[in-house]
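J.: Before anything else, here's the structure in question.
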Amino acid sequence: MLEKQKILIVDDDENIAELVSLYLTKECFGTKIANDGEAALAAAKAYQPDLVLLDIMLPGIDGYEVLRELRKTSSIPVILLSAKGETFDKVLGLELGADDYIMKPFDSKEMVARVKAVLRRFTPGKAVPEDDGLPKECVSFPGLVINQTDYSVTYNGKRIEMPPKELELFYFLASHANQVFTREQLLDHIWSYDYIGDTRTVDVHIKRLREKFKDHPAWDIKTVWGIGYKFEYQGKRGI
């Protein structure tokens, strides 16, 4: 029997938390509830969930701070839940490493669909070797290997942790080296119908990627003014 995927639900409203748990349990997920920030961090460590549904407005340590702490040691998928719909709140959540943002009140079917979508993107598949010994969904450049089959990135010999969406965007750009994509194209390809957002989402993720991979002499993520972004590289691929 396949092991159930585990969801940590963090919300100070016990009724909402129980309702979300009920919907997810019906979809054969395992769930655990935490009602404040400190309990959430403790549960994340002990329960080892596959995904966290995290309310922003929490007593004590708020959701943003919980997310900051999680991202110090983990790339676990996090979906923020909030009644705050301002662009600033969404962008801040994405900058801190959230993988999606769901507005309250939300439709239960949409919530479940988004959870499944994020888990599909994060859950590693089996690597299928090619002639060069690398998995099919793997690209390499000097000092860099991006593997989308096991969601890993190795940079100058060190593994770099990053959220699923960030890795997918990086892989997509790198696998189409020197090709320019508009923000709309990137938003459609990476987030598709599972995410309702604006093009600032792409800018936020590009900013985070640039902070992790600065000033490499062989390749870079370039802004093409008035159009979008590209992964710029001239030369022969290789590690």
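Identifiers for the structure tokens are assigned positionally: chains receive A, B, ... in sequence, residues are indexed from 1 per chain, and ligands are indexed from 1 in the order shown.
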Neighbours of stretch 202-207 of chain A within 8 Å (only C-alpha atoms; same-chain residues fewer than 5 positions away dropped), as a ChimeraX atom specification?
T.: /A:91,94-95,166,169,183,186-187,221
J.: Run DSSP on the backbone and tell me which residues of stretch 22-223 of chain A come out as alpha helix (DSSP H); list them as a VMD selection string.
T.: chain A and resid 22 to 26 37 to 47 63 to 73 87 to 95 108 to 122 164 to 174 183 to 190 200 to 212
J.: Return the single residue from A:Tyr171, A:Tyr64, A:Trp219, A:Tyr151 that is closest to A:Gly93, with distances computed using only C-alpha atoms.
T.: A:Tyr64
J.: Would you mind listing, for every residue of stretch 46-159 of chain A within 12 Å of stretch 3-14 of chain A, the two atoms forming the shortest contact and the distance between them in Å to one decimal, using only C-alpha atoms, sorted by chain and ascending residue number, as a tab-separated table?
T.:
```
residue	atom	partner	partner_atom	distance
A:Ala46	CA	A:Leu8	CA	10.8
A:Tyr47	CA	A:Leu8	CA	8.0
A:Gln48	CA	A:Lys6	CA	7.8
A:Pro49	CA	A:Lys6	CA	4.8
A:Asp50	CA	A:Lys6	CA	5.2
A:Leu51	CA	A:Ile7	CA	5.1
A:Val52	CA	A:Leu8	CA	4.7
A:Leu53	CA	A:Ile9	CA	4.9
A:Leu54	CA	A:Val10	CA	4.9
A:Asp55	CA	A:Asp11	CA	5.2
A:Ile56	CA	A:Asp11	CA	8.2
A:Met57	CA	A:Asp12	CA	8.0
A:Leu58	CA	A:Asp12	CA	6.0
A:Pro59	CA	A:Asp12	CA	7.3
A:Gly60	CA	A:Asp12	CA	10.6
A:Ile61	CA	A:Asp12	CA	11.4
A:Asp62	CA	A:Asp11	CA	10.3
A:Gly63	CA	A:Val10	CA	8.6
A:Val66	CA	A:Val10	CA	10.0
A:Leu67	CA	A:Val10	CA	11.3
A:Ile76	CA	A:Ile7	CA	10.8
A:Pro77	CA	A:Ile7	CA	10.0
A:Val78	CA	A:Leu8	CA	9.5
A:Ile79	CA	A:Ile9	CA	9.9
A:Leu80	CA	A:Val10	CA	9.5
A:Leu81	CA	A:Asp11	CA	8.6
A:Ser82	CA	A:Asp11	CA	9.8
A:Lys104	CA	A:Asp11	CA	11.8
A:Val112	CA	A:Ile7	CA	11.1
A:Val115	CA	A:Ile7	CA	9.0
A:Lys116	CA	A:Gln5	CA	10.1
A:Val118	CA	A:Ile7	CA	11.8
A:Leu119	CA	A:Gln5	CA	8.9
A:Arg120	CA	A:Gln5	CA	11.2
A:Phe122	CA	A:Gln5	CA	11.9
A:Thr123	CA	A:Gln5	CA	10.1
```
J.: What's the separation between atom CA of A:Glu168 and atom CA of A:Gln148, in Å to one decimal place?
T.: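 Separating atom CA of A:Glu168 from atom CA of A:Gln148 is a distance of 7.2 Å.
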J.: For A:Ser74, which of A:Phe88, A:Pro142, A:Pro164, A:Tyr23 is the closest residue, counting only C-alpha atoms?
T.: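 Selected residue with least distance to A:Ser74: A:Pro164.
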J.: Could you pull the residues within 12 Å of A:Leu22, counting only C-alpha atoms, minus those fewer than 5 positions along the same chain, as number ranges by chain?
T.: A: 7, 9, 15-17, 27-33, 108, 112
J.: Which is closer to A:Thr201 than all the others in A:Glu110, A:Glu18, A:Asp150, A:Asp100, using only C-alpha atoms?
T.: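 Between A:Glu110, A:Glu18, A:Asp150, A:Asp100, the residue approaching A:Thr201 most closely is A:Asp100.
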J.: Find the residue from A:Arg200, A:Arg121, A:Arg71, A:Lys212 that sits nearest to A:Thr149; use only C-alpha atoms when measuring.
T.: A:Arg121
J.: DSSP on the backbone, then: every residue of stretch 14-219 of chain A marked strand (DSSP E), written as a PyMOL selection string.
T.: chain A and resi 30-34+51-55+78-82+100-103+138-141+144-147+152-155+158-160+181-182+219
J.: Deliver the residues from the most recent selection as a file, using N, CA and C atoms, as a compact mmCIF listing (two decimals), in the first residue's frame.
T.:
```txt
# COMPACT_ATOMS: atom_id res chain seq x y z
N GLY A 30 -2.95 12.29 4.63
CA GLY A 30 -2.82 12.33 6.07
C GLY A 30 -2.70 13.79 6.49
N THR A 31 -3.27 14.16 7.63
CA THR A 31 -3.23 15.56 8.04
C THR A 31 -2.85 15.71 9.52
N LYS A 32 -2.28 16.86 9.82
CA LYS A 32 -2.02 17.25 11.21
C LYS A 32 -2.30 18.74 11.29
N ILE A 33 -2.87 19.17 12.42
CA ILE A 33 -3.26 20.57 12.60
C ILE A 33 -2.39 21.24 13.66
N ALA A 34 -1.96 22.46 13.36
CA ALA A 34 -1.29 23.31 14.35
C ALA A 34 -2.02 24.65 14.35
N LEU A 51 3.73 18.76 2.56
CA LEU A 51 3.31 20.11 2.19
C LEU A 51 2.72 20.80 3.41
N VAL A 52 2.86 22.12 3.46
CA VAL A 52 2.29 22.91 4.56
C VAL A 52 1.29 23.91 4.00
N LEU A 53 0.07 23.88 4.54
CA LEU A 53 -0.94 24.92 4.28
C LEU A 53 -0.84 25.89 5.44
N LEU A 54 -0.40 27.11 5.18
CA LEU A 54 0.00 28.02 6.25
C LEU A 54 -0.78 29.33 6.21
N ASP A 55 -1.57 29.56 7.26
CA ASP A 55 -2.29 30.83 7.40
C ASP A 55 -1.28 31.92 7.78
N VAL A 78 5.10 25.06 0.39
CA VAL A 78 4.25 25.82 1.31
C VAL A 78 3.23 26.61 0.50
N ILE A 79 1.96 26.44 0.86
CA ILE A 79 0.89 27.24 0.27
C ILE A 79 0.35 28.16 1.36
N LEU A 80 0.39 29.45 1.12
CA LEU A 80 -0.11 30.42 2.09
C LEU A 80 -1.62 30.57 1.96
N LEU A 81 -2.28 30.70 3.10
CA LEU A 81 -3.71 30.98 3.16
C LEU A 81 -3.90 32.34 3.80
N SER A 82 -4.70 33.21 3.19
CA SER A 82 -4.87 34.53 3.79
C SER A 82 -6.12 35.22 3.28
N ASP A 100 2.60 28.90 -3.49
CA ASP A 100 1.30 29.34 -3.98
C ASP A 100 0.64 30.17 -2.87
N TYR A 101 -0.47 30.83 -3.23
CA TYR A 101 -1.14 31.75 -2.33
C TYR A 101 -2.64 31.61 -2.58
N ILE A 102 -3.39 31.22 -1.57
CA ILE A 102 -4.83 31.02 -1.71
C ILE A 102 -5.57 32.04 -0.85
N MET A 103 -6.49 32.74 -1.49
CA MET A 103 -7.29 33.73 -0.78
C MET A 103 -8.44 33.09 -0.01
N CYS A 138 17.28 16.73 -17.07
CA CYS A 138 18.47 17.25 -16.41
C CYS A 138 19.27 18.06 -17.42
N VAL A 139 19.70 19.26 -17.02
CA VAL A 139 20.57 20.07 -17.88
C VAL A 139 21.81 20.44 -17.09
N SER A 140 22.91 20.58 -17.79
CA SER A 140 24.17 20.93 -17.11
C SER A 140 24.92 22.00 -17.88
N PHE A 141 25.57 22.85 -17.13
CA PHE A 141 26.43 23.91 -17.64
C PHE A 141 27.65 23.97 -16.73
N LEU A 144 27.16 23.82 -12.94
CA LEU A 144 25.73 23.77 -12.64
C LEU A 144 25.09 22.50 -13.21
N VAL A 145 24.28 21.83 -12.37
CA VAL A 145 23.43 20.73 -12.83
C VAL A 145 22.04 20.95 -12.23
N ILE A 146 21.02 21.01 -13.11
CA ILE A 146 19.63 21.15 -12.67
C ILE A 146 18.91 19.87 -13.04
N ASN A 147 18.42 19.15 -12.04
CA ASN A 147 17.77 17.85 -12.26
C ASN A 147 16.31 17.96 -11.83
N SER A 152 16.63 18.54 -7.77
CA SER A 152 17.89 18.94 -7.13
C SER A 152 18.66 19.88 -8.04
N VAL A 153 19.42 20.78 -7.41
CA VAL A 153 20.30 21.69 -8.13
C VAL A 153 21.67 21.63 -7.46
N THR A 154 22.69 21.38 -8.26
CA THR A 154 24.06 21.36 -7.75
C THR A 154 24.83 22.51 -8.38
N TYR A 155 25.42 23.35 -7.55
CA TYR A 155 26.14 24.54 -8.02
C TYR A 155 27.53 24.54 -7.41
N LYS A 158 28.04 21.96 -4.73
CA LYS A 158 27.18 21.98 -3.55
C LYS A 158 25.72 21.96 -3.95
N ARG A 159 24.93 21.21 -3.20
CA ARG A 159 23.50 21.14 -3.47
C ARG A 159 22.82 22.41 -2.95
N ILE A 160 21.99 23.01 -3.81
CA ILE A 160 21.29 24.24 -3.46
C ILE A 160 19.81 23.92 -3.25
N PHE A 181 11.89 34.58 -23.28
CA PHE A 181 10.50 34.31 -22.95
C PHE A 181 9.89 35.54 -22.28
N THR A 182 8.67 35.85 -22.65
CA THR A 182 7.97 36.92 -21.97
C THR A 182 7.53 36.45 -20.59
N TRP A 219 27.52 31.78 -17.61
CA TRP A 219 26.08 31.86 -17.85
C TRP A 219 25.42 32.80 -16.85
```
J.: Using only C-alpha atoms, pick whichever of A:Glu161, A:Thr87, A:Ile190, A:Thr73 has the shortest atom-to-atom distance to A:Leu209.
T.: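 Using only C-alpha atoms, the shortest distance to A:Leu209 belongs to A:Glu161.
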